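Engineer: Quick one, upload_0.csv (CSV, C-alpha atoms and all ligand atoms):
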chain,number,residue,atom,x,y,z
A,1420,MET,CA,115.8,129.7,103.7
A,1421,ALA,CA,113.8,126.7,102.5
A,1422,MET,CA,116.5,124.1,103.2
A,1423,SER,CA,119.6,125.4,105.0
A,1424,ILE,CA,122.8,125.2,103.1
A,1425,ALA,CA,124.4,123.4,106.1
A,1426,ARG,CA,121.7,120.8,106.1
A,1427,SER,CA,121.9,120.2,102.4
A,1428,LEU,CA,125.7,119.9,102.5
A,1429,LEU,CA,125.6,117.4,105.4
A,1430,LEU,CA,123.0,115.3,103.7
A,1431,HIS,CA,125.1,115.3,100.5
A,1432,ALA,CA,128.2,114.3,102.5
A,1433,SER,CA,126.2,111.4,104.1
A,1434,ARG,CA,126.5,109.6,100.7
A,1435,SER,CA,130.3,110.0,100.3
A,1436,GLU,CA,132.2,106.7,100.5
A,1437,TRP,CA,135.5,108.5,100.8
A,1438,LEU,CA,134.4,110.6,103.8
A,1439,ALA,CA,132.9,107.6,105.4
A,1440,GLU,CA,136.2,105.8,105.3
A,1441,GLU,CA,138.1,108.9,106.5
A,1442,PHE,CA,135.7,109.3,109.4
A,1443,ARG,CA,135.9,105.6,110.4
A,1444,ARG,CA,139.7,105.9,110.7
A,1445,ARG,CA,139.7,109.0,112.9
A,1446,SER,CA,139.4,108.6,116.6
A,1447,PHE,CA,137.9,112.1,117.1
A,1448,ALA,CA,135.0,111.0,114.9
A,1449,ARG,CA,134.4,107.8,116.9
A,1450,ARG,CA,134.4,110.0,120.1
A,1451,ALA,CA,131.9,112.4,118.6
A,1452,VAL,CA,129.5,109.6,117.5
A,1453,ARG,CA,129.4,108.4,121.2
A,1454,ARG,CA,127.0,111.3,121.8
A,1455,PHE,CA,124.4,109.4,119.9
A,1456,MET,CA,125.3,105.8,120.6
A,1457,PRO,CA,126.4,103.9,123.7
A,1458,GLY,CA,128.9,101.9,121.7
A,1459,GLN,CA,129.6,100.2,118.4
A,1460,ASP,CA,128.8,96.7,119.6
A,1461,VAL,CA,125.5,95.1,120.4
A,1462,GLU,CA,126.5,94.4,124.0
A,1463,ALA,CA,126.8,98.2,124.7
A,1464,ALA,CA,123.4,98.7,123.3
A,1465,LEU,CA,121.9,95.9,125.4
A,1466,ALA,CA,123.5,97.2,128.5
A,1467,ALA,CA,122.1,100.7,127.8
A,1468,SER,CA,118.6,99.2,127.3
A,1469,ALA,CA,118.8,97.5,130.7
A,1470,ASP,CA,119.9,100.8,132.2
A,1471,LEU,CA,117.0,102.8,130.6
A,1472,ALA,CA,114.5,100.2,131.8
A,1473,GLY,CA,115.4,101.4,135.3
A,1474,SER,CA,113.9,104.8,134.4
A,1475,ALA,CA,110.7,103.2,132.9
A,1476,LEU,CA,112.0,103.8,129.3
A,1477,GLY,CA,111.6,101.1,126.7
A,1478,THR,CA,114.0,100.6,123.9
A,1479,VAL,CA,114.1,100.1,120.1
A,1480,PHE,CA,117.3,98.6,118.8
A,1481,THR,CA,118.8,99.2,115.3
A,1482,ASN,CA,122.0,97.8,113.8
A,1483,LEU,CA,123.3,100.6,111.5
A,1484,GLY,CA,123.6,99.8,107.8
A,1485,GLU,CA,121.9,100.4,104.6
A,1486,ARG,CA,122.0,99.5,100.9
A,1487,THR,CA,123.4,96.0,101.3
A,1488,GLU,CA,124.7,94.8,97.9
A,1489,THR,CA,124.8,91.0,98.1
A,1490,ALA,CA,122.3,88.3,99.1
A,1491,ALA,CA,124.7,86.7,101.6
A,1492,ALA,CA,125.3,90.0,103.4
A,1493,ALA,CA,121.5,90.6,103.6
A,1494,LEU,CA,121.0,87.1,105.1
A,1495,ALA,CA,123.7,87.9,107.7
A,1496,VAL,CA,121.7,91.0,108.7
A,1497,ARG,CA,118.6,88.9,109.1
A,1498,ASP,CA,120.4,86.4,111.2
A,1499,HIS,CA,121.9,89.1,113.4
A,1500,TYR,CA,118.4,90.4,114.1
A,1501,LEU,CA,116.9,86.9,114.8
A,1502,ARG,CA,119.6,86.4,117.4
A,1503,LEU,CA,118.8,89.9,118.8
A,1504,PHE,CA,115.1,89.0,119.4
A,1505,ASP,CA,116.2,85.9,121.3
A,1506,THR,CA,118.6,87.9,123.5
A,1507,ILE,CA,115.9,90.5,124.2
A,1508,HIS,CA,113.6,87.6,125.3
A,1509,GLU,CA,116.3,85.9,127.4
A,1510,ARG,CA,117.2,89.1,129.2
A,1511,ARG,CA,113.6,90.2,129.5
A,1512,LEU,CA,114.3,93.6,128.0
A,1513,PRO,CA,111.3,95.9,127.2
A,1514,ALA,CA,112.7,96.2,123.6
A,1515,HIS,CA,111.5,96.4,120.0
A,1516,VAL,CA,113.7,96.2,116.9
A,1517,SER,CA,113.8,98.5,113.9
A,1518,VAL,CA,115.3,97.5,110.5
A,1519,LYS,CA,116.0,99.2,107.2
A,1520,LEU,CA,114.7,97.2,104.2
A,1521,THR,CA,117.8,98.1,102.1
A,1522,HIS,CA,119.9,96.7,104.9
A,1523,LEU,CA,117.9,93.5,104.5
A,1524,GLY,CA,118.6,93.4,100.7
A,1525,LEU,CA,115.5,95.2,99.3
A,1526,SER,CA,117.5,96.2,96.2
A,1527,VAL,CA,119.1,92.8,95.8
A,1528,ASP,CA,116.0,90.6,95.9
A,1529,ARG,CA,112.6,91.8,96.9
A,1530,THR,CA,111.2,88.3,97.5
A,1531,ALA,CA,114.1,87.3,99.7
A,1532,CYS,CA,113.7,90.6,101.6
A,1533,LEU,CA,110.0,89.9,102.2
A,1534,GLN,CA,110.8,86.4,103.5
A,1535,SER,CA,113.3,87.9,105.9
A,1536,VAL,CA,110.8,90.5,107.1
A,1537,LEU,CA,108.2,87.6,107.7
A,1538,GLU,CA,110.8,85.6,109.6
A,1539,LEU,CA,111.7,88.6,111.8
A,1540,ALA,CA,108.1,89.5,112.4
A,1541,ARG,CA,107.3,85.9,113.5
A,1542,ARG,CA,110.3,86.0,115.8
A,1543,ALA,CA,109.1,89.3,117.2
A,1544,GLU,CA,105.8,87.7,117.9
A,1545,THR,CA,107.2,84.6,119.6
A,1546,THR,CA,109.6,86.7,121.8
A,1547,GLY,CA,106.9,89.3,122.8
A,1548,SER,CA,108.6,92.1,120.9
A,1549,LEU,CA,107.7,94.1,117.8
A,1550,LEU,CA,109.4,94.6,114.4
A,1551,TRP,CA,109.6,98.1,113.1
A,1552,ILE,CA,110.4,99.0,109.5
A,1553,ASP,CA,112.2,102.3,109.0
A,1554,MET,CA,111.4,104.6,106.0
A,1555,GLU,CA,114.3,105.5,103.8
A,1556,GLU,CA,114.6,107.8,100.8
A,1557,SER,CA,111.5,108.4,98.7
A,1558,GLU,CA,112.6,106.0,95.9
A,1559,TYR,CA,112.0,103.1,98.4
A,1560,VAL,CA,108.6,104.2,99.8
A,1561,ASP,CA,106.4,102.2,97.4
A,1562,ALA,CA,108.5,99.0,97.9
A,1563,THR,CA,108.6,99.5,101.7
A,1564,LEU,CA,104.8,100.0,102.0
A,1565,GLY,CA,104.3,97.0,99.7
A,1566,ILE,CA,106.4,94.7,101.9
A,1567,TYR,CA,104.8,96.1,105.1
A,1568,ARG,CA,101.3,95.3,103.7
A,1569,ASP,CA,102.3,91.8,102.7
A,1570,ALA,CA,103.9,91.2,106.2
A,1571,LYS,CA,101.1,92.8,108.2
A,1572,ARG,CA,98.4,90.6,106.5
A,1573,GLU,CA,100.1,87.6,108.0
A,1574,ILE,CA,101.6,88.8,111.2
A,1575,SER,CA,100.4,91.4,113.6
A,1576,ARG,CA,103.6,92.4,115.4
A,1577,VAL,CA,105.0,94.6,112.7
A,1578,GLY,CA,105.0,98.4,112.2
A,1579,VAL,CA,106.2,100.8,109.6
A,1580,CYS,CA,107.5,104.4,109.6
A,1581,LEU,CA,105.9,107.2,107.7
A,1582,GLN,CA,107.5,110.7,107.1
A,1583,SER,CA,105.4,113.8,107.4
A,1584,TYR,CA,107.6,115.8,105.0
A,1585,LEU,CA,106.4,113.8,102.0
A,1586,ARG,CA,103.3,115.2,100.3
A,1587,ARG,CA,102.0,111.7,99.7
A,1588,THR,CA,101.9,110.6,103.3
A,1589,ALA,CA,98.2,111.5,104.1
A,1590,ALA,CA,97.1,109.3,101.3
A,1591,ASP,CA,99.5,106.5,102.3
A,1592,LEU,CA,98.1,106.7,105.9
A,1593,GLU,CA,94.5,106.3,104.7
A,1594,ALA,CA,95.5,103.3,102.5
A,1595,LEU,CA,97.2,101.6,105.5
A,1596,LEU,CA,94.4,102.2,108.1
A,1597,PRO,CA,92.3,99.2,107.1
A,1598,LEU,CA,95.2,97.0,108.2
A,1599,GLU,CA,94.9,98.3,111.8
A,1600,PRO,CA,98.6,99.2,111.5
A,1601,ALA,CA,101.4,100.1,113.9
A,1602,ILE,CA,102.8,103.3,112.5
A,1603,ARG,CA,105.8,105.4,113.7
A,1604,LEU,CA,105.4,108.9,112.4
A,1605,VAL,CA,108.5,111.0,111.9
A,1606,LYS,CA,109.3,114.3,110.1
A,1607,GLY,CA,111.8,112.7,107.7
A,1608,ALA,CA,115.6,112.8,107.5
A,1609,TYR,CA,116.7,112.7,103.9
A,1610,ARG,CA,117.3,115.2,101.1
A,1611,GLU,CA,114.2,115.2,98.9
A,1612,PRO,CA,113.1,117.4,95.9
A,1613,ALA,CA,110.4,120.0,96.5
A,1614,ALA,CA,108.1,118.3,94.1
A,1615,ILE,CA,107.5,115.5,96.6
A,1616,ALA,CA,108.5,116.9,100.0
A,1617,PHE,CA,107.6,120.1,101.8
A,1618,GLU,CA,110.3,122.7,101.6
A,1619,LYS,CA,109.4,124.6,104.7
A,1620,LYS,CA,109.8,123.1,108.1
A,1621,LYS,CA,106.5,124.6,109.3
A,1622,ASP,CA,104.6,122.7,106.6
A,1623,THR,CA,106.2,119.5,107.7
A,1624,ASP,CA,105.4,120.3,111.3
A,1625,ARG,CA,101.8,121.1,110.5
A,1626,ALA,CA,101.4,117.9,108.5
A,1627,PHE,CA,102.8,116.0,111.4
A,1628,LEU,CA,100.1,117.2,113.7
A,1629,GLN,CA,97.3,116.5,111.2
A,1630,LEU,CA,98.6,113.0,110.6
A,1631,ALA,CA,99.0,112.5,114.3
A,1632,GLU,CA,95.4,113.5,115.0
A,1633,ARG,CA,94.1,111.1,112.3
A,1634,MET,CA,96.2,108.3,113.8
A,1635,LEU,CA,94.8,109.1,117.3
A,1636,ASP,CA,91.2,108.9,115.9
A,1637,GLU,CA,91.8,105.3,115.1
A,1638,ALA,CA,93.8,104.6,118.3
A,1639,ALA,CA,90.8,105.7,120.3
A,1640,ASN,CA,89.1,102.5,119.1
A,1641,ARG,CA,92.4,100.5,119.1
A,1642,ARG,CA,92.3,100.2,115.3
A,1643,ALA,CA,95.8,101.6,115.0
A,1644,PHE,CA,98.9,101.8,117.2
A,1645,PRO,CA,100.5,105.2,116.7
A,1646,VAL,CA,104.1,106.0,117.7
A,1647,PHE,CA,105.4,109.6,117.4
A,1648,GLY,CA,109.2,109.6,116.7
A,1649,THR,CA,110.1,113.2,117.5
A,1650,HIS,CA,112.0,115.4,119.9
A,1651,ASP,CA,109.8,118.3,119.2
A,1652,MET,CA,108.3,118.9,122.7
A,1653,LYS,CA,105.7,121.4,121.4
A,1654,LEU,CA,104.3,118.7,119.1
A,1655,VAL,CA,104.5,116.1,121.9
A,1656,ARG,CA,102.4,118.4,124.1
A,1657,GLU,CA,99.9,119.0,121.3
A,1658,ILE,CA,99.6,115.3,120.6
A,1659,HIS,CA,99.2,114.6,124.3
A,1660,ALA,CA,96.3,117.1,124.5
A,1661,ALA,CA,94.8,115.6,121.3
A,1662,SER,CA,94.9,112.1,122.8
A,1663,GLU,CA,93.1,113.3,126.0
A,1664,ARG,CA,90.4,115.0,123.9
A,1665,ARG,CA,89.7,111.7,122.3
A,1666,GLY,CA,90.0,109.6,125.4
A,1667,VAL,CA,92.8,107.5,124.0
A,1668,ALA,CA,94.2,105.1,126.6
A,1669,ARG,CA,97.8,105.9,127.7
A,1670,ASP,CA,99.1,102.6,126.5
A,1671,ALA,CA,97.5,102.9,123.1
A,1672,TRP,CA,100.3,105.3,121.7
A,1673,GLU,CA,104.0,105.9,122.4
A,1674,VAL,CA,106.7,108.6,121.9
A,1675,HIS,CA,110.1,107.4,120.6
A,1676,MET,CA,113.2,109.5,120.7
A,1677,LEU,CA,116.9,108.9,119.8
A,1678,TYR,CA,119.5,107.9,122.3
A,1679,GLY,CA,121.4,111.0,123.5
A,1680,ILE,CA,118.8,113.6,122.4
A,1681,ARG,CA,116.7,115.2,125.1
A,1682,PRO,CA,117.4,112.4,127.7
A,1683,GLY,CA,115.9,114.5,130.5
A,1684,GLU,CA,112.6,115.0,128.7
A,1685,GLN,CA,112.5,111.3,127.9
A,1686,ARG,CA,112.6,110.4,131.5
A,1687,GLU,CA,110.2,113.1,132.5
A,1688,LEU,CA,107.6,112.1,130.0
A,1689,ALA,CA,107.8,108.5,131.1
A,1690,ALA,CA,107.5,109.5,134.8
A,1691,GLU,CA,104.3,111.4,133.8
A,1692,GLY,CA,102.8,108.3,132.4
A,1693,THR,CA,103.5,108.6,128.6
A,1694,ALA,CA,104.9,105.4,127.1
A,1695,VAL,CA,108.4,106.3,125.9
A,1696,ARG,CA,111.1,104.3,124.1
A,1697,THR,CA,114.6,105.3,123.3
A,1698,LEU,CA,116.0,104.2,119.9
A,1699,ILE,CA,119.5,102.9,120.4
A,1700,SER,CA,121.7,102.5,117.3
A,1701,TYR,CA,124.9,100.4,117.2
A,1702,GLY,CA,127.2,99.0,114.6
A,1703,GLU,CA,130.2,100.1,112.5
A,1704,ASN,CA,128.4,101.6,109.6
A,1705,TRP,CA,127.4,104.8,111.4
A,1706,PHE,CA,128.6,107.4,109.0
A,1707,PRO,CA,125.5,108.2,106.8
A,1708,TRP,CA,123.3,107.9,109.9
A,1709,TYR,CA,125.6,110.2,111.9
A,1710,MET,CA,125.6,112.8,109.1
A,1711,ARG,CA,121.8,112.8,109.2
A,1712,ARG,CA,121.9,113.5,112.9
A,1713,LEU,CA,124.2,116.5,112.3
A,1714,ALA,CA,122.0,117.7,109.5
A,1715,GLU,CA,119.0,117.8,111.8
A,1716,ARG,CA,120.7,120.3,113.9
A,1717,PRO,CA,123.7,121.9,112.2
A,1718,ALA,CA,124.7,123.5,115.5
A,1719,ASN,CA,125.8,119.9,116.4
A,1720,VAL,CA,128.8,120.4,114.0
A,1721,TRP,CA,130.1,123.3,116.2
A,1722,PHE,CA,129.6,121.1,119.3
A,1723,VAL,CA,131.9,118.5,117.6
A,1724,VAL,CA,134.5,121.1,116.6
A,1725,LYS,CA,134.5,122.7,120.1
A,1726,ASN,CA,134.4,119.6,122.3
A,1727,VAL,CA,136.0,116.9,120.3
A,1728,ILE,CA,138.5,118.3,117.8
A,1729,ILE,CA,139.8,121.3,119.6
A,1730,ARG,CA,140.5,120.0,123.1
B,1,LIG,P1,113.0,118.9,114.9
B,1,LIG,O1,114.0,118.7,113.8
B,1,LIG,O2,112.0,120.0,114.7
B,1,LIG,O3,113.7,119.0,116.3
B,1,LIG,C1,113.0,119.4,117.5
B,1,LIG,C2,114.1,119.7,118.5
B,1,LIG,O4,114.7,118.4,118.9
B,1,LIG,C3,115.3,120.5,118.0
B,1,LIG,O5,115.0,121.9,118.2
B,1,LIG,C4,116.4,120.1,118.9
B,1,LIG,O6,116.3,120.7,120.2
B,1,LIG,C5,116.1,118.6,119.1
B,1,LIG,N1,116.8,117.8,118.1
B,1,LIG,C6,116.3,117.2,117.0
B,1,LIG,N2,117.3,116.5,116.3
B,1,LIG,C7,118.4,116.7,117.0
B,1,LIG,C8,119.8,116.3,116.8
B,1,LIG,N3,120.1,115.5,115.8
B,1,LIG,N4,120.7,116.6,117.7
B,1,LIG,C9,120.3,117.4,118.8
B,1,LIG,N5,119.1,117.8,119.0
B,1,LIG,C10,118.1,117.5,118.1
B,1,LIG,N6,113.6,109.5,109.8
B,1,LIG,C11,113.4,108.9,108.6
B,1,LIG,O7,113.4,109.5,107.5
B,1,LIG,N7,113.1,107.5,108.6
B,1,LIG,C12,113.0,106.8,109.8
B,1,LIG,O8,112.7,105.6,109.7
B,1,LIG,C13,113.2,107.5,111.0
B,1,LIG,N8,113.1,106.9,112.2
B,1,LIG,C14,113.2,107.6,113.4
B,1,LIG,C15,112.9,107.0,114.6
B,1,LIG,C16,112.9,107.7,115.8
B,1,LIG,C17,112.6,107.1,117.1
B,1,LIG,C18,113.2,109.1,115.7
B,1,LIG,C19,113.2,110.0,117.0
B,1,LIG,C20,113.5,109.7,114.5
B,1,LIG,C21,113.5,109.0,113.3
B,1,LIG,N9,113.8,109.6,112.1
B,1,LIG,C22,113.6,108.9,110.9
B,1,LIG,C23,114.4,111.0,112.1
B,1,LIG,C24,113.3,112.0,111.9
B,1,LIG,O9,112.9,112.0,110.5
B,1,LIG,C25,113.9,113.4,112.1
B,1,LIG,O10,114.9,113.7,111.2
B,1,LIG,C26,114.4,113.6,113.6
B,1,LIG,O11,113.6,113.0,114.5
B,1,LIG,C27,114.5,115.2,113.9
B,1,LIG,O12,113.3,115.7,113.9
B,1,LIG,P2,112.4,116.1,115.1
B,1,LIG,O13,111.1,115.4,115.0
B,1,LIG,O14,113.1,115.7,116.4
B,1,LIG,O15,112.1,117.6,115.1
Before we go any further, please render this structure as structure tokens.
Ligand code: FDA
Structural biologist:
Amino acid sequence: MAMSIARSLLLHASRSEWLAEEFRRRSFARRAVRRFMPGQDVEAALAASADLAGSALGTVFTNLGERTETAAAALAVRDHYLRLFDTIHERRLPAHVSVKLTHLGLSVDRTACLQSVLELARRAETTGSLLWIDMEESEYVDATLGIYRDAKREISRVGVCLQSYLRRTAADLEALLPLEPAIRLVKGAYREPAAIAFEKKKDTDRAFLQLAERMLDEAANRRAFPVFGTHDMKLVREIHAASERRGVARDAWEVHMLYGIRPGEQRELAAEGTAVRTLISYGENWFPWYMRRLAERPANVWFVVKNVIIR
């Protein structure tokens, strides 16, 4: 089946306000979410980062939220992240930060959103961190890449995510390479029409490896900083082999995975000398994000039913 019915239903559900509210009120849902986040507040995320650092794992923090509707709310998100960079610095955590542009008000005011990105990237630079920009639904790709380009021309410590399921991504990558970019490649987590995204998982996986090889070509000369955001261990092994064939330095690329997914493999990879970071999410607005995690592996739904609801 091109896109499983379960995946499609879960991604549809991720956009339901009513379900979001119902889930937030139920304690079983809050317990289930714990599998993918150490806690709702930033302190829990910071503590988990300090813990992971003990296993040679770096961190990327993200405060969950998307599609902010007012200028004031968007500025509050910016201010939260500015404080977070300061805390990372004060506590000497090996941590980066990843933001969604619609959380920073992309749809409210593009100019203000770019200003926020510039301020955050500057703060990343002065605190020895790095600002990552997530990639959201396909309707935001042009705007996201535009803001990335504008920011990257001024400040180096900023990276952007690209999704291998989109047919356009190979062209987007070529257009970005002259900027010597930091790019986090992922498969893609949203529901997209077949006209613009591969329908078959194997096509997305094949594209991922081709894009990864292109990024490693540039990384061999330090003209790009590639990050591979995936739990697909077969791909990780293929990328590792491709990096060795090109003689890419071990610190010239990284693997990022989500908190709670394949934690054993994360530690093993780090112990073998691959640079690995765990993306830690926190915040109250976890519903759409959590539904996307269930959609990635619909078997997770049965895990929730068995272990959390029926106890
Ligand atoms: P794949 O789906 O093939 O999974 C490989 C294996 O990993 C599975 O067989 C399973 O064992 C395990 N696995 C994967 N997902 C799991 C889950 N939810 N629960 C349990 N096990 C799971 N997407 C996006 O569109 N924009 C973005 O900005 C980002 N950012 C991002 C950052 C980082 C660090 C990561 C790791 C991922 C993202 N994503 C993302 C999500 C990404 O697009 C994709 O949906 C997930 O990573 C799942 O795909 P995999 O590459 O892991 O492969």
Engineer: Separation of CA of Trp1705 (chain A) and atom C13 of ligand LIG 1 (chain B), in Å?
Structural biologist: 14.5 Å
Engineer: Can you list every residue of chain A that has an atom at most 6 Å from ligand LIG 1 (chain B), with its nearest atom pair and the distance in Å to one decimal, using only C-alpha atoms and all ligand atoms, ordered by chain then number, as a tab-separated table?
Structural biologist:
residue	atom	partner	partner_atom	distance
A:Asp1553	CA	B:LIG1	O8	3.4
A:Met1554	CA	B:LIG1	O8	4.0
A:Glu1555	CA	B:LIG1	N7	5.3
A:Cys1580	CA	B:LIG1	O8	5.3
A:Val1605	CA	B:LIG1	O9	4.7
A:Lys1606	CA	B:LIG1	O9	4.3
A:Gly1607	CA	B:LIG1	O9	3.1
A:Ala1608	CA	B:LIG1	O10	3.9
A:Tyr1609	CA	B:LIG1	O7	5.8
A:Gly1648	CA	B:LIG1	C19	4.0
A:Thr1649	CA	B:LIG1	O13	3.5
A:His1650	CA	B:LIG1	O14	3.7
A:Asp1651	CA	B:LIG1	C1	3.8
A:His1675	CA	B:LIG1	C17	4.3
A:Met1676	CA	B:LIG1	C19	3.7
A:Leu1677	CA	B:LIG1	C19	4.8
A:Ile1680	CA	B:LIG1	N5	5.4
A:Leu1698	CA	B:LIG1	C17	5.3
A:Arg1712	CA	B:LIG1	N3	4.0
A:Leu1713	CA	B:LIG1	N3	5.5
A:Glu1715	CA	B:LIG1	N3	4.7
A:Arg1716	CA	B:LIG1	C8	5.0
Engineer: One decimal, in Å: what's the spacing between CA of Ala1467 (chain A) and CA of Phe1455 (chain A)?
Structural biologist: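 The value is 12.0 Å.
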Engineer: Which value, in Å to one decimal, gives the distance between CA of Leu1581 (chain A) and CA of Ala1475 (chain A)?
Structural biologist: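 Going from CA of Leu1581 (chain A) over to CA of Ala1475 (chain A), I get 26.0 Å.
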Engineer: For Ser1700 (chain A), which residue among A:Met1634, A:Leu1501, A:Leu1438, A:Val1516 is the nearest when counting only C-alpha atoms?
Structural biologist: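 Between A:Met1634, A:Leu1501, A:Leu1438, A:Val1516, the residue approaching Ser1700 (chain A) most closely is A:Val1516.
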Engineer: Write out as a VMD selection string which residues come within 12 Å of Val1720 (chain A) when counting only C-alpha atoms, dropping same-chain ones fewer than 2 positions away.
Structural biologist: chain A and resid 1425 to 1426 1428 to 1429 1448 1451 to 1452 1709 to 1718 1722 to 1728
Engineer: With a distance cut-off of 9 Å and all atoms listed in the file, select the neighbouring residues of Leu1465 (chain A), excluding the residue or stretch itself and same-chain residues fewer than 6 positions from it, and output the selection as a list in words.
Structural biologist: Phe1480, Thr1506, Ile1507, Leu1512 and Ile1699 of chain A
Engineer: A:Val1695, A:Leu1688, A:Ala1464, A:Val1655: which is nearest Asp1670 (chain A), counting all atoms listed in the file?
Structural biologist: A:Val1695
Engineer: So which one's closest to Leu1471 (chain A), A:Thr1693, A:Thr1563, A:Asn1719, A:Gln1685? Using all atoms listed in the file, please.
Structural biologist: A:Gln1685
Engineer: Would you list the contacts of region 1611-1626 of chain A as a compact mmCIF listing (two decimals) with C-alpha atoms, in the frame of the given file, taking every protein, DNA or RNA residue within 9 Å and counting all atoms listed in the file, but skipping same-chain residues closer than 3 positions in sequence?
Structural biologist:
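Saved result, around-v5.txt, follows:
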# COMPACT_ATOMS: atom_id res chain seq x y z
CA MET A 1420 115.80 129.70 103.70
CA ALA A 1421 113.80 126.70 102.50
CA MET A 1422 116.50 124.10 103.20
CA GLU A 1556 114.60 107.80 100.80
CA SER A 1557 111.50 108.40 98.70
CA GLN A 1582 107.50 110.70 107.10
CA SER A 1583 105.40 113.80 107.40
CA TYR A 1584 107.60 115.80 105.00
CA LEU A 1585 106.40 113.80 102.00
CA ARG A 1586 103.30 115.20 100.30
CA ARG A 1587 102.00 111.70 99.70
CA THR A 1588 101.90 110.60 103.30
CA ALA A 1589 98.20 111.50 104.10
CA LYS A 1606 109.30 114.30 110.10
CA GLY A 1607 111.80 112.70 107.70
CA GLN A 1629 97.30 116.50 111.20
CA LEU A 1630 98.60 113.00 110.60
CA ALA A 1631 99.00 112.50 114.30
CA LEU A 1654 104.30 118.70 119.10
